[in-house]
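Q: What follows is entry_11.txt; its format and atoms are compact mmCIF, C-alpha atoms (C1' of nucleotides).
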# COMPACT_ATOMS: atom_id res chain seq x y z
CA MET R 298 -61.01 52.00 -52.66
CA ARG R 299 -63.92 51.42 -50.42
CA TYR R 300 -62.43 49.90 -47.29
CA LYS R 301 -59.34 52.06 -47.27
CA ALA R 302 -59.60 53.46 -43.76
CA GLY R 303 -60.35 50.08 -42.24
CA LEU R 304 -57.39 48.43 -43.89
CA GLU R 305 -55.04 51.17 -42.75
CA THR R 306 -56.26 50.77 -39.20
CA ARG R 307 -55.77 47.04 -39.51
CA ASP R 308 -52.18 47.49 -40.61
CA ARG R 309 -51.50 49.87 -37.75
CA ILE R 310 -52.89 47.36 -35.27
CA LEU R 311 -50.80 44.52 -36.71
CA GLU R 312 -47.64 46.60 -36.57
CA SER R 313 -48.34 47.53 -32.94
CA THR R 314 -49.07 43.91 -32.11
CA ARG R 315 -45.76 42.77 -33.55
CA ALA R 316 -43.85 45.44 -31.64
CA GLN R 317 -45.63 44.60 -28.40
CA ILE R 318 -44.87 40.89 -28.65
CA ALA R 319 -41.21 41.59 -29.26
CA GLN R 320 -41.00 43.92 -26.28
CA LEU R 321 -43.33 42.35 -23.76
CA GLY R 322 -43.80 38.78 -24.88
CA LEU R 323 -46.97 36.97 -25.80
CA GLU R 324 -48.62 37.18 -22.39
CA GLY R 325 -47.47 40.71 -21.71
CA THR R 326 -49.19 41.98 -24.82
CA THR R 327 -52.67 43.33 -24.04
CA ILE R 328 -55.48 44.73 -26.14
CA LYS R 329 -55.21 47.96 -24.22
CA THR R 330 -51.52 48.56 -24.97
CA ILE R 331 -51.91 47.49 -28.59
CA CYS R 332 -54.81 49.89 -29.06
CA GLU R 333 -53.02 52.77 -27.34
CA ASP R 334 -49.98 52.24 -29.51
CA ALA R 335 -52.10 52.07 -32.65
CA GLY R 336 -54.20 55.08 -31.65
CA VAL R 337 -57.44 53.13 -31.67
CA LEU R 338 -60.07 52.05 -29.18
CA PRO R 339 -60.91 48.44 -28.31
CA GLY R 340 -64.11 48.58 -30.30
CA SER R 341 -62.21 49.16 -33.51
CA PHE R 342 -59.88 46.31 -32.71
CA TYR R 343 -62.78 43.90 -32.47
CA ASN R 344 -64.31 45.17 -35.67
CA LEU R 345 -61.16 44.08 -37.47
CA PHE R 346 -60.16 40.94 -35.58
CA ASP R 347 -62.21 38.21 -33.95
CA SER R 348 -59.88 37.86 -31.01
CA LYS R 349 -56.52 38.77 -29.58
CA GLU R 350 -55.21 35.39 -30.65
CA GLN R 351 -56.23 35.90 -34.26
CA ALA R 352 -54.42 39.23 -34.42
CA ILE R 353 -51.33 37.67 -32.90
CA LEU R 354 -51.38 34.74 -35.32
CA THR R 355 -51.66 37.17 -38.20
CA ALA R 356 -48.89 39.43 -36.94
CA VAL R 357 -46.67 36.49 -36.18
CA ARG R 358 -46.89 34.98 -39.64
CA VAL R 359 -44.80 37.91 -40.84
CA ALA R 360 -42.16 37.24 -38.21
CA ILE R 361 -41.96 33.55 -38.97
CA ASP R 362 -41.74 34.06 -42.70
CA ALA R 363 -39.07 36.69 -42.26
CA VAL R 364 -36.69 34.03 -40.89
CA ASP R 365 -36.61 32.48 -44.31
CA PRO R 366 -34.67 34.63 -46.75
CA ASP R 367 -36.06 33.29 -50.00
CA PRO R 368 -39.03 30.96 -49.75
CA ASP R 369 -39.59 30.72 -53.50
CA HIS R 370 -36.69 28.85 -54.96
CA ALA R 371 -34.99 26.05 -53.13
CA GLY R 372 -31.96 24.64 -54.83
CA THR R 373 -29.37 27.35 -55.37
CA ASP R 374 -28.69 28.69 -51.88
CA THR R 375 -25.38 27.83 -50.35
CA LEU R 376 -25.08 27.19 -46.64
CA ASP R 377 -23.32 30.52 -46.38
CA ASP R 378 -26.28 32.24 -48.02
CA LEU R 379 -28.64 30.73 -45.51
CA ILE R 380 -26.47 31.51 -42.50
CA ASN R 381 -25.76 35.04 -43.65
CA ALA R 382 -29.42 35.69 -44.33
CA TYR R 383 -30.20 34.49 -40.84
CA ILE R 384 -27.51 36.66 -39.26
CA ARG R 385 -28.75 39.66 -41.21
CA PHE R 386 -32.29 38.93 -40.13
CA VAL R 387 -31.38 38.66 -36.46
CA ASN R 388 -29.25 41.79 -36.49
CA GLU R 389 -31.48 44.01 -38.57
CA GLN R 390 -34.81 42.81 -37.28
CA GLY R 391 -33.99 41.87 -33.71
CA ASP R 392 -37.60 42.46 -32.74
CA LEU R 393 -38.90 39.86 -35.12
CA ALA R 394 -36.20 37.41 -34.12
CA ARG R 395 -37.31 37.79 -30.53
CA VAL R 396 -40.89 37.24 -31.59
CA TYR R 397 -39.87 34.09 -33.37
CA ILE R 398 -38.16 32.62 -30.31
CA ARG R 399 -40.93 33.66 -27.97
CA ILE R 400 -43.51 32.12 -30.23
CA ALA R 401 -41.49 28.94 -30.49
CA VAL R 402 -41.37 28.60 -26.72
CA ALA R 403 -44.96 29.60 -26.12
CA ALA R 404 -46.05 27.25 -28.89
CA GLY R 405 -45.07 24.27 -26.78
CA ARG R 406 -48.19 24.20 -24.64
CA SER R 407 -50.46 26.81 -26.11
CA SER R 408 -52.63 26.69 -29.21
CA PRO R 409 -52.11 23.68 -31.52
CA GLU R 410 -52.47 26.11 -34.42
CA LEU R 411 -49.31 27.93 -33.41
CA ARG R 412 -47.51 24.72 -32.55
CA GLY R 413 -48.25 23.22 -35.94
CA ARG R 414 -47.17 26.32 -37.75
CA VAL R 415 -43.89 26.51 -35.87
CA LEU R 416 -43.13 22.82 -36.42
CA ARG R 417 -43.90 22.98 -40.13
CA HIS R 418 -41.71 26.01 -40.53
CA HIS R 419 -38.91 24.35 -38.61
CA GLU R 420 -39.03 21.28 -40.83
CA GLY R 421 -38.93 23.40 -43.96
CA ARG R 422 -35.96 25.31 -42.63
CA VAL R 423 -34.09 22.11 -41.77
CA LYS R 424 -34.69 20.76 -45.27
CA ARG R 425 -33.26 23.90 -46.82
CA PHE R 426 -30.15 23.67 -44.68
CA SER R 427 -29.82 19.97 -45.36
CA ASP R 428 -30.06 20.44 -49.13
CA ALA R 429 -27.50 23.21 -49.09
CA LEU R 430 -25.14 21.20 -46.91
CA LEU R 431 -25.47 18.16 -49.15
CA ARG R 432 -24.68 20.26 -52.21
CA GLU R 433 -21.56 21.50 -50.49
CA ARG R 434 -20.53 18.17 -48.99
CA PRO R 435 -22.09 15.36 -51.06
CA ASP R 436 -19.79 12.88 -49.33
CA LEU R 437 -21.76 13.23 -46.09
CA GLY R 438 -24.76 11.37 -47.39
CA GLN R 439 -28.43 12.22 -46.87
CA GLU R 440 -28.75 11.03 -43.30
CA GLU R 441 -25.68 12.74 -41.94
CA ALA R 442 -26.64 15.94 -43.77
CA ASP R 443 -30.13 15.81 -42.29
CA ASN R 444 -28.70 15.25 -38.85
CA ARG R 445 -26.26 18.09 -39.08
CA ALA R 446 -28.87 20.41 -40.54
CA GLU R 447 -31.29 19.65 -37.72
CA ALA R 448 -28.54 20.23 -35.18
CA LEU R 449 -27.47 23.42 -36.91
CA VAL R 450 -30.94 24.95 -37.05
CA SER R 451 -31.59 24.12 -33.40
CA ALA R 452 -28.21 25.53 -32.49
CA LEU R 453 -28.97 28.77 -34.33
CA ASN R 454 -32.19 29.02 -32.38
CA GLY R 455 -30.21 28.51 -29.20
CA VAL R 456 -27.86 31.32 -30.11
CA THR R 457 -30.79 33.61 -30.83
CA LEU R 458 -32.40 32.54 -27.59
CA HIS R 459 -29.30 33.60 -25.72
CA ARG R 460 -29.35 36.96 -27.44
CA THR R 461 -32.83 37.44 -26.03
CA ILE R 462 -31.25 37.45 -22.59
CA ASP R 463 -27.92 39.07 -23.38
CA THR R 464 -28.41 41.79 -25.97
CA GLU R 465 -24.65 42.23 -26.33
CA PHE R 466 -24.32 38.67 -27.55
CA ASP R 467 -22.80 38.52 -31.03
CA VAL R 468 -25.10 36.19 -32.91
CA GLY R 469 -23.19 36.52 -36.18
CA HIS R 470 -19.93 35.47 -34.61
CA PHE R 471 -21.33 32.31 -33.11
CA ALA R 472 -23.52 31.50 -36.07
CA ARG R 473 -20.38 31.45 -38.21
CA ILE R 474 -18.63 29.20 -35.71
CA LEU R 475 -21.56 26.81 -35.85
CA LYS R 476 -21.52 26.86 -39.62
CA ARG R 477 -17.80 26.20 -39.82
CA VAL R 478 -18.14 23.37 -37.40
CA ALA R 479 -21.16 21.87 -39.19
CA THR R 480 -19.30 21.60 -42.48
CA ALA R 481 -16.15 20.17 -40.90
CA MET T 243 -39.27 20.00 15.64
CA ARG T 244 -41.47 23.01 16.05
CA TYR T 245 -42.04 24.23 12.52
CA LYS T 246 -42.32 20.77 11.01
CA ALA T 247 -45.76 21.11 9.47
CA GLY T 248 -44.96 24.50 7.99
CA LEU T 249 -41.78 23.26 6.35
CA GLU T 250 -43.52 20.27 4.85
CA THR T 251 -46.23 22.50 3.44
CA ARG T 252 -43.54 24.76 2.05
CA ASP T 253 -41.87 21.84 0.28
CA ARG T 254 -45.17 20.70 -1.16
CA ILE T 255 -45.86 24.18 -2.51
CA LEU T 256 -42.40 24.43 -4.06
CA GLU T 257 -42.79 21.05 -5.71
CA SER T 258 -46.17 22.03 -7.13
CA THR T 259 -44.76 25.34 -8.32
CA ARG T 260 -41.97 23.61 -10.18
CA ALA T 261 -44.38 21.19 -11.84
CA GLN T 262 -46.73 24.00 -12.83
CA ILE T 263 -43.98 26.06 -14.43
CA ALA T 264 -42.83 23.06 -16.44
CA GLN T 265 -46.33 22.34 -17.68
CA LEU T 266 -47.87 25.76 -18.08
CA GLY T 267 -44.97 28.15 -18.23
CA LEU T 268 -44.24 31.10 -16.00
CA GLU T 269 -47.34 33.13 -16.87
CA GLY T 270 -49.65 30.15 -16.91
CA THR T 271 -48.79 29.29 -13.33
CA THR T 272 -51.30 30.71 -10.87
CA ILE T 273 -51.59 30.77 -7.10
CA LYS T 274 -54.88 28.95 -7.41
CA THR T 275 -53.51 26.00 -9.40
CA ILE T 276 -50.40 25.77 -7.26
CA CYS T 277 -52.49 25.68 -4.10
CA GLU T 278 -54.92 23.12 -5.48
CA ASP T 279 -52.06 20.88 -6.53
CA ALA T 280 -50.39 21.23 -3.14
CA GLY T 281 -53.65 20.72 -1.24
CA VAL T 282 -53.48 24.08 0.46
CA LEU T 283 -55.45 27.31 0.46
CA PRO T 284 -54.11 30.69 -0.67
CA GLY T 285 -53.83 31.90 2.93
CA SER T 286 -51.28 29.22 3.70
CA PHE T 287 -49.32 30.10 0.60
CA TYR T 288 -48.95 33.69 1.75
CA ASN T 289 -47.96 32.62 5.23
CA LEU T 290 -44.96 30.88 3.71
CA PHE T 291 -44.04 33.14 0.80
CA ASP T 292 -44.16 36.90 0.36
CA SER T 293 -45.29 36.70 -3.23
CA LYS T 294 -45.79 34.47 -6.21
CA GLU T 295 -42.49 35.69 -7.63
CA GLN T 296 -40.56 34.73 -4.51
CA ALA T 297 -41.94 31.21 -4.61
CA ILE T 298 -41.07 30.91 -8.27
CA LEU T 299 -37.53 32.18 -7.74
CA THR T 300 -37.07 29.66 -4.96
CA ALA T 301 -38.50 26.78 -6.97
CA VAL T 302 -36.51 27.73 -10.01
CA ARG T 303 -33.17 27.75 -8.25
CA VAL T 304 -33.48 23.99 -8.00
CA ALA T 305 -34.10 23.67 -11.72
CA ILE T 306 -31.20 25.89 -12.65
CA ASP T 307 -28.80 24.13 -10.33
CA ALA T 308 -29.92 20.76 -11.63
CA VAL T 309 -28.54 21.60 -15.07
CA ASP T 310 -25.08 21.56 -13.58
CA PRO T 311 -23.90 18.08 -12.68
CA ASP T 312 -20.90 18.95 -10.51
CA PRO T 313 -21.21 22.28 -8.74
CA ASP T 314 -18.03 21.77 -6.76
CA HIS T 315 -16.07 22.31 -9.95
CA ALA T 316 -13.57 19.56 -9.39
CA GLY T 317 -12.00 20.35 -12.74
CA THR T 318 -11.85 16.72 -13.76
CA ASP T 319 -14.92 16.46 -15.99
CA THR T 320 -14.41 15.51 -19.58
CA LEU T 321 -16.55 17.05 -22.29
CA ASP T 322 -18.28 13.69 -22.56
CA ASP T 323 -19.09 13.79 -18.87
CA LEU T 324 -20.68 17.19 -19.22
CA ILE T 325 -22.65 16.32 -22.33
CA ASN T 326 -23.82 12.99 -20.94
CA ALA T 327 -24.84 14.59 -17.67
CA TYR T 328 -26.84 17.14 -19.61
CA ILE T 329 -28.52 14.49 -21.76
CA ARG T 330 -29.38 12.50 -18.67
CA PHE T 331 -30.75 15.60 -17.00
CA VAL T 332 -32.94 16.49 -19.97
CA ASN T 333 -34.25 12.96 -20.41
CA GLU T 334 -34.82 12.10 -16.79
CA GLN T 335 -35.98 15.47 -15.57
CA GLY T 336 -37.67 16.86 -18.65
CA ASP T 337 -39.82 19.07 -16.47
CA LEU T 338 -36.86 20.85 -14.96
CA ALA T 339 -35.23 21.22 -18.36
CA ARG T 340 -38.38 22.84 -19.64
CA VAL T 341 -38.41 25.15 -16.64
CA TYR T 342 -34.84 26.13 -17.40
CA ILE T 343 -35.61 27.06 -21.00
CA ARG T 344 -38.82 28.84 -20.12
CA ILE T 345 -37.05 30.84 -17.46
CA ALA T 346 -34.27 31.70 -19.86
CA VAL T 347 -36.74 33.09 -22.37
CA ALA T 348 -38.90 34.88 -19.84
CA ALA T 349 -35.80 36.27 -18.16
CA GLY T 350 -35.13 38.49 -21.14
CA ARG T 351 -37.62 41.18 -20.22
CA SER T 352 -38.88 40.25 -16.80
CA SER T 353 -37.23 40.63 -13.42
CA PRO T 354 -33.55 41.65 -13.45
CA GLU T 355 -33.10 39.22 -10.57
CA LEU T 356 -33.94 36.28 -12.80
CA ARG T 357 -32.00 37.70 -15.73
CA GLY T 358 -28.86 38.07 -13.64
CA ARG T 359 -29.19 34.61 -12.22
CA VAL T 360 -29.60 33.04 -15.65
CA LEU T 361 -26.67 34.98 -17.11
CA ARG T 362 -24.36 34.10 -14.24
CA HIS T 363 -25.30 30.46 -14.52
CA HIS T 364 -24.75 30.51 -18.26
CA GLU T 365 -21.28 31.95 -17.87
CA GLY T 366 -20.36 29.34 -15.32
CA ARG T 367 -21.58 26.61 -17.59
CA VAL T 368 -19.63 27.95 -20.55
CA LYS T 369 -16.46 28.08 -18.47
CA ARG T 370 -16.92 24.45 -17.45
CA PHE T 371 -17.32 23.38 -21.03
CA SER T 372 -14.40 25.50 -22.14
CA ASP T 373 -12.10 24.03 -19.50
CA ALA T 374 -13.09 20.50 -20.42
CA LEU T 375 -12.64 21.17 -24.10
CA LEU T 376 -9.23 22.70 -23.54
CA ARG T 377 -8.15 19.69 -21.51
CA GLU T 378 -9.17 17.47 -24.39
CA ARG T 379 -7.83 19.65 -27.17
CA PRO T 380 -5.05 21.88 -25.76
CA ASP T 381 -4.05 22.76 -29.31
CA LEU T 382 -7.18 24.87 -29.77
CA GLY T 383 -5.99 27.62 -27.47
CA GLN T 384 -8.01 29.50 -24.88
CA GLU T 385 -9.92 31.76 -27.24
CA GLU T 386 -11.03 29.09 -29.66
CA ALA T 387 -12.03 26.85 -26.77
CA ASP T 388 -14.07 29.66 -25.23
CA ASN T 389 -15.76 30.34 -28.54
CA ARG T 390 -16.63 26.74 -29.17
CA ALA T 391 -17.85 26.27 -25.61
CA GLU T 392 -20.11 29.28 -25.84
CA ALA T 393 -21.47 28.02 -29.16
CA LEU T 394 -21.90 24.53 -27.77
CA VAL T 395 -23.81 25.60 -24.68
CA SER T 396 -26.10 27.85 -26.71
CA ALA T 397 -26.61 25.06 -29.19
CA LEU T 398 -27.55 22.64 -26.41
CA ASN T 399 -30.09 25.16 -25.20
CA GLY T 400 -31.45 25.38 -28.72
CA VAL T 401 -31.83 21.62 -28.89
CA THR T 402 -33.65 21.61 -25.55
CA LEU T 403 -35.79 24.49 -26.73
CA HIS T 404 -36.85 22.46 -29.71
CA ARG T 405 -37.77 19.58 -27.48
CA THR T 406 -40.13 21.92 -25.68
CA ILE T 407 -42.11 22.12 -28.90
CA ASP T 408 -41.58 18.62 -30.25
CA THR T 409 -41.59 16.13 -27.40
CA GLU T 410 -40.47 13.32 -29.71
CA PHE T 411 -37.26 15.16 -30.44
CA ASP T 412 -34.21 13.12 -29.46
CA VAL T 413 -32.07 15.53 -27.48
CA GLY T 414 -29.38 12.97 -26.76
CA HIS T 415 -28.86 12.19 -30.40
CA PHE T 416 -28.36 15.79 -31.40
CA ALA T 417 -26.39 16.71 -28.32
CA ARG T 418 -23.88 14.03 -29.29
CA ILE T 419 -23.72 15.36 -32.84
CA LEU T 420 -23.01 18.81 -31.49
CA LYS T 421 -20.33 17.44 -29.21
CA ARG T 422 -18.65 15.51 -31.98
CA VAL T 423 -18.69 18.54 -34.19
CA ALA T 424 -17.38 20.86 -31.45
CA THR T 425 -14.30 18.74 -30.87
CA ALA T 426 -13.59 18.29 -34.59
C1' DC H 241 -54.48 19.12 31.10
C1' DT H 242 -53.57 23.93 29.90
C1' DC H 243 -51.70 27.37 27.55
C1' DT H 244 -49.67 29.29 23.74
C1' DA H 245 -47.49 29.62 19.56
C1' DA H 246 -47.71 27.67 14.93
C1' DT H 247 -50.69 26.75 11.21
C1' DT H 248 -54.75 26.63 8.32
C1' DT H 249 -58.93 28.50 6.81
C1' DG H 250 -61.87 30.75 3.11
C1' DA H 251 -64.52 34.55 2.17
C1' DG H 252 -63.22 38.79 0.40
C1' DT H 253 -60.43 42.90 -1.83
C1' DG H 254 -59.01 45.58 -5.70
C1' DT H 255 -57.21 45.39 -10.26
C1' DG H 256 -56.71 44.46 -15.03
C1' DC H 257 -57.86 41.37 -18.49
C1' DG H 258 -60.47 40.04 -23.10
C1' DC H 259 -64.31 41.33 -25.09
C1' DT H 260 -69.28 43.57 -26.34
C1' DC H 261 -72.59 46.69 -28.43
C1' DA H 262 -75.81 50.40 -29.10
C1' DA H 263 -75.03 54.62 -30.81
C1' DA H 264 -72.58 58.38 -33.18
C1' DG H 265 -69.72 59.87 -36.91
C1' DA H 266 -67.49 59.94 -41.55
C1' DA H 267 -67.22 58.83 -46.26
C1' DA H 268 -68.87 57.08 -50.51
C1' DA H 269 -72.67 55.99 -53.73
C1' DT H 270 -76.90 57.47 -55.83
C1' DA M 255 -79.05 66.30 -50.96
C1' DT M 256 -80.06 62.02 -49.32
C1' DT M 257 -79.37 57.52 -48.40
C1' DT M 258 -76.41 53.77 -47.47
C1' DT M 259 -72.37 51.67 -46.11
C1' DC M 260 -68.23 51.69 -43.57
C1' DT M 261 -65.82 53.07 -39.35
C1' DT M 262 -65.07 54.62 -34.72
C1' DT M 263 -66.58 55.32 -30.14
C1' DG M 264 -66.17 54.32 -25.00
C1' DA M 265 -68.65 52.89 -21.10
C1' DG M 266 -69.16 48.63 -19.23
C1' DC M 267 -69.60 43.29 -18.57
C1' DG M 268 -67.95 39.07 -16.45
C1' DC M 269 -64.09 36.84 -15.01
C1' DA M 270 -59.60 35.44 -13.21
C1' DC M 271 -55.79 37.15 -11.12
C1' DA M 272 -52.47 38.14 -6.92
C1' DC M 273 -53.05 38.94 -2.51
C1' DT M 274 -55.25 39.86 2.65
C1' DC M 275 -56.82 38.94 7.36
C1' DA M 276 -59.62 37.98 11.35
C1' DA M 277 -61.01 33.91 13.12
C1' DA M 278 -60.74 28.86 13.77
C1' DT M 279 -57.91 24.92 14.37
C1' DT M 280 -54.02 22.14 15.55
C1' DA M 281 -50.27 20.46 18.16
C1' DG M 282 -45.98 21.00 20.85
C1' DA M 283 -44.24 22.91 25.52
C1' DG M 284 -44.64 23.26 30.47
Please re-express this file's structure in structure tokens.
A:
Amino acid sequence: MRYKAGLETRDRILESTRAQIAQLGLEGTTIKTICEDAGVLPGSFYNLFDSKEQAILTAVRVAIDAVDPDPDHAGTDTLDDLINAYIRFVNEQGDLARVYIRIAVAAGRSSPELRGRVLRHHEGRVKRFSDALLRERPDLGQEEADNRAEALVSALNGVTLHRTIDTEFDVGHFARILKRVATA
Amino acid sequence: MRYKAGLETRDRILESTRAQIAQLGLEGTTIKTICEDAGVLPGSFYNLFDSKEQAILTAVRVAIDAVDPDPDHAGTDTLDDLINAYIRFVNEQGDLARVYIRIAVAAGRSSPELRGRVLRHHEGRVKRFSDALLRERPDLGQEEADNRAEALVSALNGVTLHRTIDTEFDVGHFARILKRVATA
DNA sequence: CTCTAATTTGAGTGTGCGCTCAAAGAAAAT
DNA sequence: ATTTTCTTTGAGCGCACACTCAAATTAGAG
């Protein structure tokens, strides 16, 4: 393997970037702190990435994808599966969850690239929830299922947002309440 | 009135600060842009405020308070009143709503002052919703009402958060869905 | 009108940011 | 062993930031 060392350094930088965003937010993350954490000097960083933004976009893709438990097959998940996967994700990878929310907020007025990615991902997530809900409650009809799914996904984001502020907040508990109430 | 001019300048700066936070976020707001918008030079800013943070805290108090329709806590609001007031607030004062969400997210890891203020406000809001819900549905019991209120308030924040990204998003529509579902 | 306190001015400070690049060093290919 | 390719180095650039202050200006009080 010819580029082995370079790729390892790249991975280390991406991992540090992800950690920094979770802890300090998008704007609080600097090249300097990333490089210190990764044990690398700025020069190396810019041999492997064109810009800070590119590194962040790359690191963030992992976080966004991690919200979705099983991107391959849509069609067999129950609503419980989806909710439980989300709860597990938030509890076990709190850092990434925080990244996801921070990105979502920052995406509002920052790069269109990020904004587009977040919106697309949101739509996909809503569709998954809607499909699962409709399978469980066919009587609701497509429109009502879509509505409830959209509300549910936004509500889950809200719960995760609150956990960003209050780390004691029990996301699982309230996610289950939301789920119960969405299927009522 | 002796300090008239100074107070007017102060108001202008606070108004500009609020607008800047809504448009550019906490970190995107700079002394320079605030001063330009307010038609003032940095020197004047620092005659009226000790720091950027102090000005932001002052400006933000307005936004946070605006989320709450009836600070005197008369205890007569229905859940519909609270929801409708929130919808009206988000639609008519989208800027302030955006400030509120941005502050909430930034509050996670920034100044403890802001964090505390946001948490206290959140608790107050939850209590309001819980009281109203219990008045409407006494059969739920205190604990269930508290739970649903907490979930509802977080969910509303999530819906507003999403509107930060997608400005076409109909907050009122989904807020009403959440309300319907919370009282089910 | 005069004096004085309130207010504004704007050039200037230090700091930390994202980012660059010529050169040195390490590892693989020949 | 030598050449070539990959990788790291680290001082340093320009810039934007929050913030300062002595001096000029304005306007209310006596």
Q: Write out as a ChimeraX atom specification every residue belonging to chain H that has an atom at most 12 Å from any atom of chain T, counting all atoms listed in the file.
A: /H:245-252
Q: Rank T:Leu361, T:Ala346, T:Ala391, T:Val341 by their smallest atom-to-atom distance to Ala261 of chain T, using only C-alpha atoms, and report the top residue only.
A: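 Closest to Ala261 of chain T of all the choices is T:Val341.
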Q: By how many Å are atom CA of Leu354 of chain R and atom CA of Gln390 of chain R apart?
A: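 Separating atom CA of Leu354 of chain R from atom CA of Gln390 of chain R is a distance of 18.5 Å.
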Q: What lies within 8 Å of Ile384 of chain R using only C-alpha atoms (C1' of nucleotides), ignoring chain neighbours under 4 positions off, as a PDB file with C-alpha atoms, in the coordinates of the input?
A:
ATOM      1  CA  ILE R 380     -26.470  31.510 -42.500  1.00  0.00           C
ATOM      2  CA  ASN R 388     -29.250  41.790 -36.490  1.00  0.00           C
ATOM      3  CA  VAL R 468     -25.100  36.190 -32.910  1.00  0.00           C
ATOM      4  CA  GLY R 469     -23.190  36.520 -36.180  1.00  0.00           C
ATOM      5  CA  ALA R 472     -23.520  31.500 -36.070  1.00  0.00           C
TER       6      ALA R 472
END
Q: For chain T, which residues have at least one atom within 8 Å of chain M, if we go by all atoms listed in the file? Write them as a list in words, please.
A: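 Every residue meeting the condition is included here: Arg244, Thr272, Ile273, Tyr288 and Lys294 of chain T.
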Q: Provide as a ChimeraX atom specification the residues of chain T at most 10 Å from chain R, counting all atoms listed in the file.
A: /T:264-270,340,343-344,346-352,357-358,360-361,364,386,389-390,392-409,413,415-420,422-426
Q: Can you tell me how far atom CA of Glu365 of chain T sits from atom CA of Val332 of chain T, in Å to one decimal?
A: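 Interatomic distance here is 19.5 Å.
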Q: Could you check how far atom CA of Val357 of chain R sits from atom CA of Phe426 of chain R, in Å to one decimal?
A: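 Straight-line distance from atom CA of Val357 of chain R to atom CA of Phe426 of chain R works out to 22.6 Å.
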Q: Counting only C-alpha atoms (C1' of nucleotides), find the residues whose atoms lie at most 9 Å from (-53.2, 45.7, -36.2) (file coordinates) and write them out as an MDAnalysis selection string.
A: chainID R and resid 305:315 331:332 335 342 345:346 352:353 355:356
Q: What lies within 9 Å of Asp428 of chain R using all atoms listed in the file, ignoring chain neighbours under 3 positions off, as a list of chain:residue names?
A: R:Ala371, R:Gly372, R:Asp374, R:Thr375, R:Leu376, R:Val423, R:Lys424, R:Arg425, R:Leu431, R:Arg432, R:Glu433, R:Gln439, R:Ala442, R:Asp443, R:Ala446
